[in-house]
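Coordinates as given in my_file_10.txt (compact mmCIF, C-alpha atoms):
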# COMPACT_ATOMS: atom_id res chain seq x y z
CA MET A 1 -105.83 -175.79 -7.68
CA ASN A 2 -106.43 -178.75 -5.36
CA ASP A 3 -106.80 -182.22 -6.86
CA LEU A 4 -110.28 -183.35 -5.79
CA THR A 5 -110.37 -186.65 -7.68
CA ASN A 6 -109.65 -188.66 -4.53
CA ASN A 7 -112.95 -187.44 -3.06
CA PHE A 8 -115.04 -188.87 -5.88
CA GLY A 9 -114.94 -192.50 -4.75
CA LYS A 10 -114.46 -195.30 -7.25
CA LEU A 11 -113.46 -194.06 -10.73
CA TYR A 12 -114.76 -195.74 -13.89
CA HIS A 13 -112.82 -195.56 -17.15
CA PRO A 14 -114.49 -195.82 -20.58
CA VAL A 15 -113.56 -198.96 -22.53
CA LYS A 16 -116.39 -199.29 -25.08
CA ALA A 17 -118.76 -197.03 -27.00
CA LEU A 18 -121.84 -197.93 -29.02
CA ILE A 19 -123.34 -195.89 -31.86
CA ILE A 20 -126.83 -196.78 -33.03
CA TYR A 21 -127.84 -195.95 -36.60
CA GLU A 22 -131.35 -195.91 -38.06
CA LYS A 23 -132.46 -195.43 -41.64
CA HIS A 24 -135.61 -193.39 -42.09
CA GLU A 25 -137.80 -194.04 -45.09
CA GLY A 26 -140.79 -191.76 -44.70
CA ILE A 27 -142.49 -192.61 -41.41
CA VAL A 28 -141.03 -196.12 -41.33
CA LYS A 29 -137.88 -196.77 -39.31
CA SER A 30 -135.51 -199.54 -40.34
CA THR A 31 -133.97 -202.08 -37.98
CA PRO A 32 -131.20 -200.30 -36.04
CA TYR A 33 -127.57 -200.95 -36.97
CA VAL A 34 -125.10 -200.86 -34.05
CA GLU A 35 -121.38 -200.15 -34.28
CA SER A 36 -119.02 -200.91 -31.41
CA TYR A 37 -115.85 -198.92 -30.71
CA ASP A 38 -112.94 -199.57 -28.40
CA ILE A 39 -111.69 -196.63 -26.33
CA ASP A 40 -107.93 -195.98 -26.41
CA GLU A 41 -105.75 -194.63 -23.59
CA ARG A 42 -106.58 -191.05 -24.63
CA GLY A 43 -110.30 -191.67 -24.30
CA CYS A 44 -110.89 -191.66 -28.06
CA PRO A 45 -113.08 -194.20 -29.91
CA VAL A 46 -111.09 -196.50 -32.24
CA ASN A 47 -111.54 -199.78 -34.14
CA GLY A 48 -115.15 -199.26 -35.15
CA HIS A 49 -116.93 -202.48 -36.17
CA PRO A 50 -120.44 -203.98 -36.23
CA LEU A 51 -121.57 -205.10 -32.77
CA ASN A 52 -120.99 -208.86 -32.58
CA ILE A 53 -122.90 -211.49 -30.61
CA LYS A 54 -120.20 -211.87 -27.95
CA GLU A 55 -120.19 -208.13 -27.20
CA ALA A 56 -124.00 -208.00 -27.18
CA ASN A 57 -124.14 -210.84 -24.67
CA THR A 58 -121.58 -209.09 -22.45
CA PHE A 59 -123.63 -205.89 -22.42
CA ALA A 60 -126.86 -207.79 -21.77
CA LYS A 61 -125.28 -209.58 -18.81
CA ALA A 62 -124.00 -206.31 -17.35
CA LEU A 63 -127.45 -204.75 -17.62
CA THR A 64 -129.05 -207.79 -15.99
CA VAL A 65 -126.63 -207.70 -13.05
CA SER A 66 -127.20 -203.96 -12.57
CA GLU A 67 -130.98 -204.37 -12.64
CA LYS A 68 -130.81 -207.26 -10.15
CA LYS A 69 -128.74 -205.17 -7.73
CA GLN A 70 -131.27 -202.36 -7.92
CA ARG A 71 -134.15 -204.75 -7.27
CA ASN A 72 -132.32 -206.08 -4.19
CA PHE A 73 -131.86 -202.61 -2.66
CA LEU A 74 -132.98 -202.68 1.01
CA ASN A 75 -134.01 -206.34 0.95
CA PRO A 76 -133.59 -207.75 4.48
CA LYS A 77 -131.15 -210.55 5.31
CA GLY A 78 -133.57 -212.07 7.77
CA ILE A 79 -136.42 -211.17 10.10
CA LEU A 80 -137.01 -207.43 10.23
CA SER A 81 -135.98 -205.58 13.37
CA PRO A 82 -138.95 -204.26 15.38
CA ASN A 83 -137.27 -200.84 15.17
CA ILE A 84 -138.02 -200.62 11.43
CA VAL A 85 -141.19 -198.54 11.08
CA PHE A 86 -141.56 -198.60 7.28
CA LEU A 87 -139.64 -200.17 4.42
CA LYS A 88 -139.87 -199.79 0.66
CA THR A 89 -137.42 -201.95 -1.28
CA GLY A 90 -136.17 -201.56 -4.85
CA ASN A 91 -134.25 -198.91 -6.75
CA ASP A 92 -136.24 -195.97 -5.34
CA GLY A 93 -136.58 -197.56 -1.91
CA PHE A 94 -136.35 -195.86 1.46
CA ALA A 95 -136.65 -196.81 5.09
CA ILE A 96 -137.95 -195.30 8.33
CA TRP A 97 -136.60 -196.64 11.62
CA ARG A 98 -136.28 -195.66 15.22
CA THR A 99 -133.42 -195.82 17.71
CA PRO A 100 -133.84 -195.67 21.50
CA ALA A 101 -132.32 -193.04 23.74
CA LYS A 102 -128.69 -193.98 24.12
CA ARG A 103 -125.12 -192.76 24.52
CA VAL A 104 -123.21 -191.99 21.32
CA LYS A 105 -119.96 -190.45 20.14
CA MET A 106 -120.40 -186.87 18.90
CA LEU A 107 -117.98 -184.61 17.04
CA PHE A 108 -118.13 -180.82 17.10
CA THR A 109 -116.09 -178.18 15.28
CA GLU A 110 -113.82 -176.09 17.52
CA SER A 111 -115.70 -172.90 16.63
CA LEU A 112 -118.75 -174.06 18.61
CA GLY A 113 -116.82 -174.34 21.86
CA ILE A 114 -118.26 -177.79 22.53
CA PRO A 115 -115.80 -180.64 23.19
CA SER A 116 -116.14 -183.81 21.17
CA GLY A 117 -116.98 -186.89 23.18
CA GLU A 118 -119.81 -189.14 24.28
CA ALA A 119 -123.27 -187.88 25.20
CA ASN A 120 -126.77 -189.16 25.78
CA VAL A 121 -129.20 -188.46 22.94
CA PRO A 122 -132.99 -188.89 22.88
CA ALA A 123 -134.89 -191.55 20.97
CA LEU A 124 -134.71 -190.75 17.26
CA LEU A 125 -136.67 -191.45 14.10
CA TRP A 126 -134.69 -191.74 10.87
CA LYS A 127 -135.83 -191.61 7.25
CA ALA A 128 -133.29 -192.31 4.51
CA GLY A 129 -133.00 -193.17 0.85
CA LYS A 130 -129.88 -193.90 -1.13
CA ASN A 131 -128.66 -190.28 -1.07
CA THR A 132 -130.68 -188.36 1.54
CA LEU A 133 -131.25 -188.51 5.27
CA SER A 134 -133.84 -186.91 7.55
CA ILE A 135 -133.87 -187.21 11.33
CA PHE A 136 -136.33 -186.37 14.10
CA ALA A 137 -136.65 -186.81 17.84
CA ILE A 138 -139.45 -188.86 19.39
CA ARG A 139 -140.77 -189.10 22.93
CA ASP A 140 -142.99 -192.20 22.66
CA GLU A 141 -141.62 -195.70 23.09
CA GLN A 142 -144.23 -197.00 20.65
CA VAL A 143 -144.84 -195.15 17.37
CA SER A 144 -147.72 -195.10 14.88
CA GLY A 145 -148.68 -193.12 11.82
CA GLN A 146 -150.11 -190.40 14.08
CA THR A 147 -147.03 -190.08 16.27
CA VAL A 148 -145.98 -186.43 16.47
CA LEU A 149 -142.31 -185.84 15.79
CA PHE A 150 -139.94 -183.32 17.33
CA HIS A 151 -137.04 -181.39 15.87
CA ALA A 152 -133.82 -183.36 16.12
CA PRO A 153 -131.71 -181.49 18.71
CA PHE A 154 -128.63 -181.32 16.54
CA PHE A 155 -126.65 -178.94 14.41
CA ASN A 156 -126.55 -179.51 10.61
CA VAL A 157 -130.29 -180.32 10.43
CA TYR A 158 -132.84 -178.22 8.57
CA ALA A 159 -136.24 -177.32 10.05
CA ASP A 160 -137.92 -180.01 7.91
CA GLY A 161 -135.59 -182.68 9.29
CA LYS A 162 -133.28 -183.02 6.29
CA VAL A 163 -129.62 -183.47 7.23
CA CYS A 164 -126.80 -181.53 5.60
CA MET A 165 -124.02 -184.09 5.20
CA GLY A 166 -121.46 -181.47 4.15
CA ASN A 167 -118.38 -183.08 2.62
CA VAL A 168 -119.21 -186.59 3.88
CA ALA A 169 -118.81 -189.08 1.01
CA VAL A 170 -122.03 -191.10 1.23
CA LYS A 171 -121.56 -194.48 -0.47
CA ILE A 172 -124.61 -196.72 -0.29
CA PRO A 173 -124.27 -199.84 -2.50
CA ASN A 174 -127.02 -200.49 -5.06
CA ASP A 175 -127.67 -203.91 -3.50
CA CYS A 176 -127.35 -202.75 0.11
CA CYS A 177 -129.45 -204.79 2.55
CA ILE A 178 -131.59 -202.94 5.09
CA GLU A 179 -129.38 -204.00 8.01
CA MET A 180 -126.22 -202.53 6.46
CA PHE A 181 -128.17 -199.50 5.22
CA ILE A 182 -129.22 -198.52 8.74
CA ASP A 183 -125.71 -199.05 10.15
CA LEU A 184 -124.12 -196.97 7.36
CA TRP A 185 -126.44 -193.98 7.75
CA GLN A 186 -126.04 -193.89 11.52
CA GLU A 187 -122.26 -194.06 11.15
CA TYR A 188 -122.28 -191.29 8.54
CA PHE A 189 -124.38 -189.07 10.79
CA PHE A 190 -122.51 -189.47 14.07
CA ASN A 191 -119.05 -189.63 12.49
CA SER A 192 -119.48 -186.24 10.81
CA TYR A 193 -118.75 -182.94 12.57
CA PHE A 194 -121.65 -180.90 13.92
CA SER A 195 -120.90 -177.34 12.92
CA HIS A 196 -123.82 -174.95 12.32
CA LEU A 197 -127.52 -174.15 12.40
CA PHE A 198 -129.61 -173.06 9.43
CA GLY A 199 -131.10 -169.57 9.30
CA GLU A 200 -133.33 -168.81 12.26
CA HIS A 201 -134.09 -172.47 13.01
CA ILE A 202 -133.37 -173.26 16.66
CA PRO A 203 -134.11 -176.96 17.23
CA VAL A 204 -134.35 -176.90 21.05
CA LYS A 205 -135.71 -174.74 23.81
CA GLY A 206 -132.93 -172.58 25.21
CA ASN A 207 -129.30 -172.41 24.10
CA ILE A 208 -128.26 -175.42 22.01
CA VAL A 209 -124.55 -174.79 22.60
CA GLN A 210 -124.99 -174.80 26.38
CA LEU A 211 -127.20 -177.88 26.07
CA TRP A 212 -124.45 -179.97 24.49
CA GLN A 213 -121.73 -178.48 26.66
CA ASN A 214 -123.66 -179.86 29.65
CA LEU A 215 -124.21 -183.27 28.02
CA VAL A 216 -120.91 -184.17 26.32
CA ASN A 217 -118.59 -186.26 28.49
CA ASN A 218 -121.22 -186.22 31.20
CA THR A 219 -123.64 -188.89 32.42
CA ASN A 220 -126.67 -186.56 32.35
CA LEU A 221 -129.64 -187.92 30.43
CA PHE A 222 -130.92 -185.84 27.54
CA PRO A 223 -133.54 -183.35 28.84
CA ILE A 224 -136.69 -184.41 26.94
CA GLU A 225 -138.43 -181.18 28.00
CA SER A 226 -136.06 -179.22 25.73
CA LEU A 227 -137.48 -180.83 22.55
CA ILE A 228 -139.73 -178.77 20.26
CA PRO A 229 -142.58 -180.37 18.25
CA ASN A 230 -142.41 -179.77 14.50
CA ASN A 231 -146.03 -180.66 13.57
CA ILE A 232 -144.91 -183.54 11.34
CA THR A 233 -146.34 -187.02 11.81
CA ILE A 234 -144.94 -190.30 10.56
CA ASN A 235 -147.81 -190.51 8.07
CA LYS A 236 -146.53 -187.30 6.44
CA LEU A 237 -143.13 -188.93 5.95
CA LEU A 238 -144.79 -191.65 3.87
CA GLN A 239 -146.27 -189.19 1.37
Translate this file's structure into C-alpha cells.
Amino acid sequence: MNDLTNNFGKLYHPVKALIIYEKHEGIVKSTPYVESYDIDERGCPVNGHPLNIKEANTFAKALTVSEKKQRNFLNPKGILSPNIVFLKTGNDGFAIWRTPAKRVKMLFTESLGIPSGEANVPALLWKAGKNTLSIFAIRDEQVSGQTVLFHAPFFNVYADGKVCMGNVAVKIPNDCCIEMFIDLWQEYFFNSYFSHLFGEHIPVKGNIVQLWQNLVNNTNLFPIESLIPNNITINKLLQ
C-alpha cells in the first residue's frame, strides 16, 4: 500500500486534551469542571489535572488568533483591482473576478494527443471560495450582473462551471488576502493537467481536441465564435 501521508499537507500532532464535566441536579446544571491531559508519544492522554489559568489563557489566545485569521480572509492589501467583480470577506468569503484574453501555459495529458505549451485563451470569469473554483468564458470587456456567461472552453470543467481539481493539493491560508487568493487559484488551475470531459458536456462548438491542437504553441487568437452560452448570468453566481 502506498504511503499517502505526504499528500496531506501540514500534519498536526495532538499535545493536549480537555474533558469537560457537568453535574446534573434535576434540570439545573452545575458550573462545568475541566480537566486537562497531556498527550504522550503514543497519542494517549496522561497526567490528568484540573485546567489551570496558564493553560486556559493559552487556549483562549489560540482561539483568538484563529478567529482573527478567519475574519481577515480575502481582505485586500490595498486598492481593489478593477478586475474584481464581487468580493465577500470573512470565513465563508468568496470572490468573483475577470481576466482578459491572454496567452498562458497549458498542460495536457498524453492521452489527449495535445502537446503542452502556451496558447491564447479567451477572457475568463472566475468564482472561488477557500476550497472550490468555478470558471466561465466571457465576451464583453465590461461586465454587469446581467452579463451572460459562456462555458469555459477547457477540459476538467463541469457544465455548471465547477472545476475538478483532481489530485491538486489546494492550500489557501485562512488569512489569505484577495491578491494572493487570485494568484493562487489561477496558478492551481493552469498548473494542473487538462485530461477529460464530463459526461456528454462539450464546452465548445466543434472538436475541443482539434481546437487546442490548433492553438497550443501557435500565435492564433482564441476563436470567440466557438464559445457556447450557458444561460448563467453573474447575478446567478451571487445567489
**Asked** Between A:Asn120, A:Ile79, A:Val204, A:Ile138, which is the closest to Lys102 in chain A once you count only C-alpha atoms?
**Response** A:Asn120
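Counting all atoms listed in the file and comparing A:Val34, A:Val15, A:Leu133, A:Ile39, the residue that lies closest to Val163 in chain A is A:Leu133.
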**Prompt:** Hey, can you check how far CA of Pro223 in chain A sits from CA of Leu237 in chain A?
**Reply:** 25.4 Å
**Polymer residues at most 12 Å from Gly78 in chain A, only C-alpha atoms, same-chain spacing of 6 or more positions, as number ranges by chain** = A: 177-179
**Message:** Please determine, counting all atoms listed in the file, which residue among A:Val157, A:Val121, A:Met106, A:Val148 has the shortest atom-to-atom distance to Ile234 in chain A.
**Reply:**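 For Ile234 in chain A, the nearest of the candidates is A:Val148.
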**Asked** In Å to one decimal, how far is CA of Lys16 in chain A from CA of Pro32 in chain A?
**Response** 18.5 Å
**Item:** Nearest residue to Ile19 in chain A from the set A:Thr99, A:Asn217, A:Gln239, A:Ser36 (distances using all atoms listed in the file)
**Value:** A:Ser36
